[in-house]
Amino acid sequence: MTANIRYKSRIPVKTEDSTEEKQYVGFATLPNQVHRKSVKKGFDFTLMVAGESGMGKSTLVNSLFLTDLYKDRKLLNAEERINQTVEIIKHTVDIEEKGVKLKLTIVDTPGFGDAVNNNECWKPITDYIDQQFEQYFRDESGLNRKNIQDNRVHCCLYFIPPFGHGLRPVDVEFMKALHEKVNIIPLIAKADCLTPNEIKKLKDRIREEIDKFGIKVYQFPECDSDEDEEFKQLDKELKECTPFAVIGSNTVVEARGQRVRGRLYPWGIVEVENQSHCDFVKLRNMLIRSHMHDLKDVTCDVHYENYRAQCIQEMTSKLAQDNRMESPIPILPLSTPDVETEKLIKMKDEEVWRIIFRRPQNQTQEE
Amino acid sequence: LASTSQFSANEEKRNLSLGGHVGFDSLPDQLVSKSVTQGFCFNILCVGETGIGKSTLMNTLFNTMFENEEASHYQNGVYLRPRTYDLQESSVHLKLTIVDTVGFGDQINKDESYKPIVDYIDTQFENYLQEELKIKRSLFNYHDTRIHICLYFIAPTGHSLKSLDLVTMKKLDSKVNIIPIIAKADTISKSELHKFKIKIMSELVSNGVQIYQFPTDDEAVSEINSSMNAHLPFAVVGSVEEVKVGNKTVRARQYPWGVVQVENESHCDFVKLREMLIRVNMEDLREQTHARHYELYRRCKLEEMGFKDTDSDCQPISLQETYEAKRKEFLGDLQRKEEEMRQMFVNKVKETEAELKEKEKELHDKFEHLKRIHQEEKRKVEEKRRDLEEELNTFNRRKMAAETQSLSQPLKKDKDKKK
């Protein structure tokens with residue numbers, strides 16, 4: 001798999017040439033050192049799944065991580081769901097593969113979109129995400145930072161029903177409420193009820209609507225220009241394939257002489273890992289094999305930083321209002337521009353505009 | 001009249017044997033030929049979320065492409081869209097009305113979603129009732145728009161009914177025949193389907209939702225009907241596209257992993273639905289709608305209006321008496337309201353008059369006041385004028401006096417000057 005090749009060690013092979021040896025310093029082994037230390041430290045990842053009941057979320061999670069996270073869970077009846085509120089349930093498991101340990105947390109959101117009146121049903125979810133950010137913020141600003149637990153949500157898989165013609169109002173509202181707090185990856189659930197044409201139509205429609213409503217879903221980072229062509233091609237295909245149309249399965253069936261995860265129908269067998277049947281493999285590769293760390297990075301560098309900046313700004317403006325000198329969290333004194341300074345800036349702005357363009361700032365060219 | 005009813009109650013029915021072929025066994029045929037000439041009408045209501053396959057299923061059932069644009073998910077509320085088509089098969093004419101629920105299931109708050117549906121059904125009943133109550137009525141000509149069957153489309157989640165489904169079906173079950181169907185059933189595997197059907201039916205039963213039962217009292221169809229009852233809800237797949245399978249071309253959906261054939265009974269229950277809905281029980285559905293649901297509506301409506309079959313002494317009241325009583329009451333009400341309004345009007349007029357009088361008085365007072373001031377001013381001016389005149393006179397006198405005096409004086413002065 002090209003994804004694995006990418007992370008292979010890049011140490012240049014030492015040649016017999018003695019001149020090469022003299023010039024070789026050795027910090028090219030850094031990637032290897034990073035690799036070794038990270039294996040020792042272990043990784044953690046928090047994945048949130050959201051969508052209406054019956055979209056196959058649990059089945060997909062089981063298929064992704066090849067395990068059964070949801071033994072003996074109790075599903076509610078329709079009657080019980082009429083007035084249901086959204087709960088947040090965390091499952092944490094430790095899994096290991098080839099010496100690499102992963103502490104995986106799946107955050108479930110049962111009840112989302114299931115009640116008759118779903119006004120603001122995403123609020124418990126946004127509150128949860130904010131809480132994790134706040135917790136991390138406190139920990140990060142504390143005095144003893146040895147054992148910080150990172151419970152921030154790194155990725156949210158949002159399951160869109162395949163039965164409609166595109167996004168529904170609840171889908172749009174949910175994604176808009178969360179797109180600046182977490183990486184959203186929209187998925188088309190239960191894709192085995194769509195023919196290839198229908199899938200293409202639906203994907204185009206959803207991409208269009210995501211643009212139209214200004215929803216910022218997770219964007220794959222651009223390839224480095226020094227990547228090989230094959231990788232770039234794969235990357236391009238990946239990007240054009242979103243949103244991924246997925247199928248999950250808890251059962252193993254016999255297909256074409258092999259035992260695979262799939263769904264058995266009277267008219268054929270759907271194989272979860274068959275790329276011509278669905279995009280499950282693409283999702284798994286992207287989520288786990290190539291972009292897991294990027295998801296964490298974006299969460300840390302973008303979503304968390306936004307939260308932190310906003311938090312601090314609120315705090316300092318509140319402090320200024322209350323005329324307090326000390327703040328509960330060690331932060332650099334942010335100079336919040338006061339009214340006077342702002343007026344001054346505005347005045348100078350207008351002056352400059354007048355001088356350069358020889359007309360007042362709000363006048364247009366044609367006037 | 002009372003005497004004849006007494007007689008027929010006592011007389012017993014006797015069975016007679018016929019001496020030959022009379023011929024009234026052609027009665028059903030006469031009935032059939034009459035109804036064929038008249039034509040039939042059938043009204044289907046499809047309830048289900050946007051995109052669940054209502055239009056496709058209708059196209060598949062009736063083997064026609066009814067015109068339809070894709071609905072959007074962003075309707076503010078639910079609205080019902082009826083469309084009427086004239087179909088013909090052999091020599092039988094069918095006036096088919098398909099009513100779509102546009103926007104169902106799309107809103108974030110679905111508390112009111114059932115209302116437009118219930119209102120529509122009630123309106124059709126109301127229209128029929130109005131026609132029935134008319135003095136000059138033409139029921140044989142009337143285009144019956146009452147809904148004969150509601151197909152409720154359940155999303156194939158595989159778990160259970162959605163909360164909206166339960167709430168809506170409860171509101172509809174006493175007004176219309178409901179047949180629940182599982183839509184887009186090609187996403188559920190056989191074992192999941194079995195569990196899903198059981199769960200749905202048990203949820204319906206435990207919540208007291210009455211769905212339509214295929215009738216088992218008619219010997220000719222009781223067997224097939226009762227076996228079909230056990231297959232509810234029907235798991236259907238709809239398609240108007242044709243795919244070549246073997247050496248035949250059938251309606252199907254083509255997937256990379258196989259072809260789902262609509263009319264293959266091991267693939268889905270489409271054939272069962274068609275059989276039950278159209279080929280066996282269509283007439284029964286119409287009957288049930290008229291004899292059960294419509295009668296219930298009519299009874300409730302008339303009771304609301306105050307009609308009763310028996311009065312407080314349990315004596316049968318005729319409709320005429322009730323009409324009279326109602327009419328009197330109504331007229332009495334009308335009169336009372338008129339009186340009230342008139343009284344209110346009179347009061348208002350009085351009030352306004354009083355106000356006007358007040359204002360008039362005020363104005364008058366003001367006028368008087370101003371007049372007085374004016375008089376005062378005038379008098380003052382007069383006085384001043386008199387004073388001025390007097391001064392003027394005094395001045396003139398003095399002036400004349402001074403002039404006459406100076407006339408005798410200047411001779412001296414001139415003389416002095418000449419000297």
# chains A, B, ... in the order shown; residues from 1 in each chain; ligands from 1
$ interface_residues --of "chain A" --to "chain B" --cutoff "6 Å" --atoms "only C-alpha atoms" --output "list in words"
Gly54, Ala78, Arg81, Ile82, Val116, Asn117, Asn118, Asn119, Phe163, Gly164, His165, Arg168, Val170, Asp192, Cys193, Thr195, Tyr265, Trp267, Gly268, Ile269 and Val270 of chain A
$ write_last_selection --atoms "N, CA and C atoms" --output "PDB file, in the first residue's frame"
ATOM      1  N   GLY A  54     -30.213   3.680  13.352  1.00  0.00           N
ATOM      2  CA  GLY A  54     -30.462   2.774  12.234  1.00  0.00           C
ATOM      3  C   GLY A  54     -29.657   3.085  10.993  1.00  0.00           C
ATOM      4  N   ALA A  78     -39.749   2.756  19.373  1.00  0.00           N
ATOM      5  CA  ALA A  78     -40.197   4.008  18.767  1.00  0.00           C
ATOM      6  C   ALA A  78     -40.896   4.888  19.793  1.00  0.00           C
ATOM      7  N   ARG A  81     -38.701   6.783  21.967  1.00  0.00           N
ATOM      8  CA  ARG A  81     -37.864   7.768  21.299  1.00  0.00           C
ATOM      9  C   ARG A  81     -38.597   9.056  20.978  1.00  0.00           C
ATOM     10  N   ILE A  82     -39.917   9.096  21.222  1.00  0.00           N
ATOM     11  CA  ILE A  82     -40.674  10.268  20.817  1.00  0.00           C
ATOM     12  C   ILE A  82     -40.090  11.532  21.445  1.00  0.00           C
ATOM     13  N   VAL A 116     -39.416  13.372  17.884  1.00  0.00           N
ATOM     14  CA  VAL A 116     -40.292  14.019  16.912  1.00  0.00           C
ATOM     15  C   VAL A 116     -39.875  15.484  16.756  1.00  0.00           C
ATOM     16  N   ASN A 117     -39.537  16.100  17.898  1.00  0.00           N
ATOM     17  CA  ASN A 117     -39.068  17.483  17.834  1.00  0.00           C
ATOM     18  C   ASN A 117     -37.576  17.507  18.104  1.00  0.00           C
ATOM     19  N   ASN A 118     -36.800  17.773  17.075  1.00  0.00           N
ATOM     20  CA  ASN A 118     -35.347  17.702  17.219  1.00  0.00           C
ATOM     21  C   ASN A 118     -34.676  19.060  17.270  1.00  0.00           C
ATOM     22  N   ASN A 119     -35.400  20.075  17.734  1.00  0.00           N
ATOM     23  CA  ASN A 119     -34.805  21.397  17.843  1.00  0.00           C
ATOM     24  C   ASN A 119     -33.548  21.362  18.686  1.00  0.00           C
ATOM     25  N   PHE A 163     -31.578   7.637   1.762  1.00  0.00           N
ATOM     26  CA  PHE A 163     -32.930   7.509   1.222  1.00  0.00           C
ATOM     27  C   PHE A 163     -33.431   8.795   0.611  1.00  0.00           C
ATOM     28  N   GLY A 164     -32.767   9.907   0.869  1.00  0.00           N
ATOM     29  CA  GLY A 164     -33.305  11.179   0.409  1.00  0.00           C
ATOM     30  C   GLY A 164     -32.640  11.649  -0.868  1.00  0.00           C
ATOM     31  N   HIS A 165     -32.820  12.940  -1.159  1.00  0.00           N
ATOM     32  CA  HIS A 165     -32.252  13.512  -2.376  1.00  0.00           C
ATOM     33  C   HIS A 165     -31.020  14.347  -2.089  1.00  0.00           C
ATOM     34  N   ARG A 168     -30.563  17.003   4.474  1.00  0.00           N
ATOM     35  CA  ARG A 168     -31.804  17.483   5.040  1.00  0.00           C
ATOM     36  C   ARG A 168     -31.489  18.623   6.009  1.00  0.00           C
ATOM     37  N   VAL A 170     -31.824  18.953   9.124  1.00  0.00           N
ATOM     38  CA  VAL A 170     -31.135  18.584  10.360  1.00  0.00           C
ATOM     39  C   VAL A 170     -29.651  18.302  10.090  1.00  0.00           C
ATOM     40  N   ASP A 192     -25.665   0.341   0.250  1.00  0.00           N
ATOM     41  CA  ASP A 192     -26.081  -0.775  -0.609  1.00  0.00           C
ATOM     42  C   ASP A 192     -27.516  -0.636  -1.071  1.00  0.00           C
ATOM     43  N   CYS A 193     -28.152   0.501  -0.811  1.00  0.00           N
ATOM     44  CA  CYS A 193     -29.473   0.678  -1.397  1.00  0.00           C
ATOM     45  C   CYS A 193     -29.409   1.625  -2.582  1.00  0.00           C
ATOM     46  N   THR A 195     -27.743   2.376  -6.506  1.00  0.00           N
ATOM     47  CA  THR A 195     -26.986   1.880  -7.660  1.00  0.00           C
ATOM     48  C   THR A 195     -25.841   2.862  -7.925  1.00  0.00           C
ATOM     49  N   TYR A 265     -27.411 -11.340   0.374  1.00  0.00           N
ATOM     50  CA  TYR A 265     -28.748 -11.097  -0.148  1.00  0.00           C
ATOM     51  C   TYR A 265     -29.128 -12.208  -1.101  1.00  0.00           C
ATOM     52  N   TRP A 267     -29.959 -11.861  -4.021  1.00  0.00           N
ATOM     53  CA  TRP A 267     -29.508 -11.529  -5.368  1.00  0.00           C
ATOM     54  C   TRP A 267     -28.003 -11.326  -5.460  1.00  0.00           C
ATOM     55  N   GLY A 268     -27.310 -11.525  -4.375  1.00  0.00           N
ATOM     56  CA  GLY A 268     -25.859 -11.357  -4.459  1.00  0.00           C
ATOM     57  C   GLY A 268     -25.264 -11.097  -3.104  1.00  0.00           C
ATOM     58  N   ILE A 269     -23.953 -10.957  -3.091  1.00  0.00           N
ATOM     59  CA  ILE A 269     -23.260 -10.712  -1.823  1.00  0.00           C
ATOM     60  C   ILE A 269     -22.536  -9.380  -1.922  1.00  0.00           C
ATOM     61  N   VAL A 270     -22.789  -8.517  -0.958  1.00  0.00           N
ATOM     62  CA  VAL A 270     -22.086  -7.242  -0.912  1.00  0.00           C
ATOM     63  C   VAL A 270     -20.841  -7.416  -0.069  1.00  0.00           C
TER      64      VAL A 270
END
$ residues_around --residues "Asn274 (chain A)" --least-positions-apart "6" --cutoff "10 Å" --atoms "only C-alpha atoms" --output "PyMOL selection string"
chain A and resi 260-262+280-281
$ write_last_selection --atoms "N, CA, C and O atoms" --output "PDB file, in the first residue's frame"
ATOM      1  N   VAL A 260     -15.158 -13.265   3.722  1.00  0.00           N
ATOM      2  CA  VAL A 260     -15.010 -11.810   3.817  1.00  0.00           C
ATOM      3  C   VAL A 260     -16.137 -11.224   4.659  1.00  0.00           C
ATOM      4  O   VAL A 260     -17.178 -11.856   4.835  1.00  0.00           O
ATOM      5  N   ARG A 261     -15.941  -9.986   5.115  1.00  0.00           N
ATOM      6  CA  ARG A 261     -17.030  -9.268   5.784  1.00  0.00           C
ATOM      7  C   ARG A 261     -17.994  -8.838   4.709  1.00  0.00           C
ATOM      8  O   ARG A 261     -17.590  -8.212   3.733  1.00  0.00           O
ATOM      9  N   GLY A 262     -19.253  -9.185   4.890  1.00  0.00           N
ATOM     10  CA  GLY A 262     -20.180  -8.801   3.839  1.00  0.00           C
ATOM     11  C   GLY A 262     -21.622  -8.981   4.263  1.00  0.00           C
ATOM     12  O   GLY A 262     -21.918  -9.342   5.405  1.00  0.00           O
ATOM     13  N   PHE A 280     -15.737   1.810   1.549  1.00  0.00           N
ATOM     14  CA  PHE A 280     -15.283   1.486   2.903  1.00  0.00           C
ATOM     15  C   PHE A 280     -13.755   1.479   2.996  1.00  0.00           C
ATOM     16  O   PHE A 280     -13.177   2.024   3.935  1.00  0.00           O
ATOM     17  N   VAL A 281     -13.135   0.845   2.001  1.00  0.00           N
ATOM     18  CA  VAL A 281     -11.675   0.739   2.047  1.00  0.00           C
ATOM     19  C   VAL A 281     -11.040   2.120   2.013  1.00  0.00           C
ATOM     20  O   VAL A 281     -10.094   2.408   2.749  1.00  0.00           O
TER      21      VAL A 281
END
$ select_by_dssp --residues "region 139-254 of chain A" --states "strand (DSSP E)" --output "PyMOL selection string"
chain A and resi 155-160+184-188+244-245+252-254
$ write_last_selection --atoms "C-alpha atoms" --output "mmCIF file, in the first residue's frame"
data_model
loop_
_atom_site.group_PDB
_atom_site.id
_atom_site.type_symbol
_atom_site.label_atom_id
_atom_site.label_comp_id
_atom_site.auth_asym_id
_atom_site.auth_seq_id
_atom_site.Cartn_x
_atom_site.Cartn_y
_atom_site.Cartn_z
ATOM 1 C CA CYS A 155 -12.876 13.402 14.169
ATOM 2 C CA CYS A 156 -16.626 13.184 13.740
ATOM 3 C CA LEU A 157 -18.130 10.768 11.242
ATOM 4 C CA TYR A 158 -21.540 12.085 10.241
ATOM 5 C CA PHE A 159 -23.918 9.566 8.688
ATOM 6 C CA ILE A 160 -26.219 10.924 6.000
ATOM 7 C CA ILE A 184 -16.367 16.515 10.152
ATOM 8 C CA ILE A 185 -16.252 13.680 7.682
ATOM 9 C CA PRO A 186 -19.694 13.199 6.104
ATOM 10 C CA LEU A 187 -20.542 9.668 4.986
ATOM 11 C CA ILE A 188 -23.397 8.247 2.954
ATOM 12 C CA PHE A 244 -17.680 8.305 1.037
ATOM 13 C CA ALA A 245 -20.552 5.880 0.455
ATOM 14 C CA VAL A 252 -18.494 -12.894 7.672
ATOM 15 C CA VAL A 253 -19.760 -14.541 4.504
ATOM 16 C CA GLU A 254 -18.290 -16.761 1.876
#
$ residues_around --residues "region 284-301 of chain B" --least-positions-apart "4" --cutoff "12 Å" --atoms "only C-alpha atoms" --output "number ranges by chain"
B: 40-44, 118, 121-130, 132-133, 144-150, 172-179, 212-218, 221, 225, 276-280, 305-309
$ decode --residues "region 276-289 of chain A" --atoms "all heavy atoms" --output "compact mmCIF listing (two decimals), in the first residue's frame"
# COMPACT_ATOMS: atom_id res chain seq x y z
N SER A 276 -15.30 -1.85 -5.60
CA SER A 276 -16.33 -1.55 -6.59
C SER A 276 -17.72 -1.65 -5.97
O SER A 276 -18.71 -1.33 -6.60
CB SER A 276 -16.22 -2.50 -7.77
OG SER A 276 -16.32 -3.82 -7.30
N HIS A 277 -17.79 -2.08 -4.71
CA HIS A 277 -19.08 -2.15 -4.03
C HIS A 277 -19.34 -0.92 -3.19
O HIS A 277 -20.46 -0.44 -3.12
CB HIS A 277 -19.14 -3.41 -3.14
CG HIS A 277 -19.26 -4.68 -3.93
ND1 HIS A 277 -19.52 -5.90 -3.32
CD2 HIS A 277 -19.18 -4.94 -5.24
CE1 HIS A 277 -19.59 -6.84 -4.25
NE2 HIS A 277 -19.37 -6.29 -5.42
N CYS A 278 -18.28 -0.41 -2.53
CA CYS A 278 -18.47 0.78 -1.70
C CYS A 278 -17.12 1.40 -1.37
O CYS A 278 -16.09 0.85 -1.73
CB CYS A 278 -19.22 0.44 -0.40
SG CYS A 278 -18.22 -0.51 0.75
N ASP A 279 -17.16 2.54 -0.65
CA ASP A 279 -15.92 3.26 -0.36
C ASP A 279 -15.35 2.94 1.00
O ASP A 279 -14.59 3.73 1.56
CB ASP A 279 -16.19 4.78 -0.43
CG ASP A 279 -16.65 5.21 -1.80
OD1 ASP A 279 -16.22 4.61 -2.78
OD2 ASP A 279 -17.46 6.16 -1.86
N PHE A 280 -15.74 1.81 1.55
CA PHE A 280 -15.28 1.49 2.90
C PHE A 280 -13.76 1.48 3.00
O PHE A 280 -13.18 2.02 3.94
CB PHE A 280 -15.84 0.12 3.32
CG PHE A 280 -15.30 -0.36 4.63
CD1 PHE A 280 -15.84 0.11 5.81
CD2 PHE A 280 -14.22 -1.25 4.68
CE1 PHE A 280 -15.33 -0.31 7.03
CE2 PHE A 280 -13.72 -1.67 5.90
CZ PHE A 280 -14.27 -1.20 7.07
N VAL A 281 -13.13 0.85 2.00
CA VAL A 281 -11.68 0.74 2.05
C VAL A 281 -11.04 2.12 2.01
O VAL A 281 -10.09 2.41 2.75
CB VAL A 281 -11.17 -0.12 0.87
CG1 VAL A 281 -9.68 -0.07 0.77
CG2 VAL A 281 -11.65 -1.55 1.05
N LYS A 282 -11.60 3.00 1.17
CA LYS A 282 -11.06 4.36 1.09
C LYS A 282 -11.18 5.04 2.44
O LYS A 282 -10.25 5.71 2.91
CB LYS A 282 -11.80 5.18 0.03
CG LYS A 282 -11.55 4.73 -1.39
CD LYS A 282 -12.00 5.80 -2.37
CE LYS A 282 -11.67 5.43 -3.80
NZ LYS A 282 -12.55 4.37 -4.34
N LEU A 283 -12.35 4.87 3.08
CA LEU A 283 -12.54 5.51 4.38
C LEU A 283 -11.55 4.97 5.39
O LEU A 283 -10.90 5.73 6.11
CB LEU A 283 -13.97 5.27 4.88
CG LEU A 283 -14.20 5.75 6.32
CD1 LEU A 283 -14.13 7.26 6.39
CD2 LEU A 283 -15.52 5.25 6.86
N ARG A 284 -11.40 3.66 5.40
CA ARG A 284 -10.51 3.07 6.39
C ARG A 284 -9.08 3.53 6.18
O ARG A 284 -8.38 3.92 7.09
CB ARG A 284 -10.57 1.55 6.34
CG ARG A 284 -9.69 0.91 7.40
CD ARG A 284 -9.64 -0.56 7.26
NE ARG A 284 -9.18 -0.94 5.94
CZ ARG A 284 -9.30 -2.17 5.47
NH1 ARG A 284 -9.87 -3.10 6.18
NH2 ARG A 284 -8.86 -2.45 4.25
N ASN A 285 -8.66 3.51 4.92
CA ASN A 285 -7.29 3.95 4.64
C ASN A 285 -7.09 5.38 5.05
O ASN A 285 -6.10 5.74 5.67
CB ASN A 285 -6.99 3.80 3.14
CG ASN A 285 -6.82 2.36 2.77
OD1 ASN A 285 -6.71 1.49 3.63
ND2 ASN A 285 -6.79 2.08 1.49
N MET A 286 -8.06 6.19 4.69
CA MET A 286 -7.91 7.61 4.99
C MET A 286 -7.95 7.85 6.49
O MET A 286 -7.11 8.54 7.06
CB MET A 286 -9.04 8.36 4.28
CG MET A 286 -8.90 9.82 4.37
SD MET A 286 -10.38 10.54 5.05
CE MET A 286 -10.10 10.41 6.73
N LEU A 287 -8.91 7.23 7.13
CA LEU A 287 -9.10 7.54 8.54
C LEU A 287 -7.99 6.94 9.39
O LEU A 287 -7.49 7.57 10.33
CB LEU A 287 -10.46 6.98 8.98
CG LEU A 287 -10.87 7.23 10.42
CD1 LEU A 287 -11.04 8.72 10.63
CD2 LEU A 287 -12.16 6.51 10.73
N ILE A 288 -7.61 5.72 9.08
CA ILE A 288 -6.68 5.02 9.96
C ILE A 288 -5.27 4.98 9.40
O ILE A 288 -4.32 5.29 10.09
CB ILE A 288 -7.17 3.59 10.22
CG1 ILE A 288 -8.57 3.64 10.82
CG2 ILE A 288 -6.22 2.85 11.13
CD1 ILE A 288 -9.17 2.29 11.05
N ARG A 289 -5.18 4.64 8.13
CA ARG A 289 -3.84 4.36 7.63
C ARG A 289 -3.08 5.57 7.17
O ARG A 289 -1.86 5.54 7.16
CB ARG A 289 -3.92 3.34 6.48
CG ARG A 289 -4.44 2.02 7.00
CD ARG A 289 -4.46 0.95 5.97
NE ARG A 289 -5.11 -0.25 6.53
CZ ARG A 289 -5.28 -1.37 5.88
NH1 ARG A 289 -4.88 -1.47 4.62
NH2 ARG A 289 -5.88 -2.39 6.45
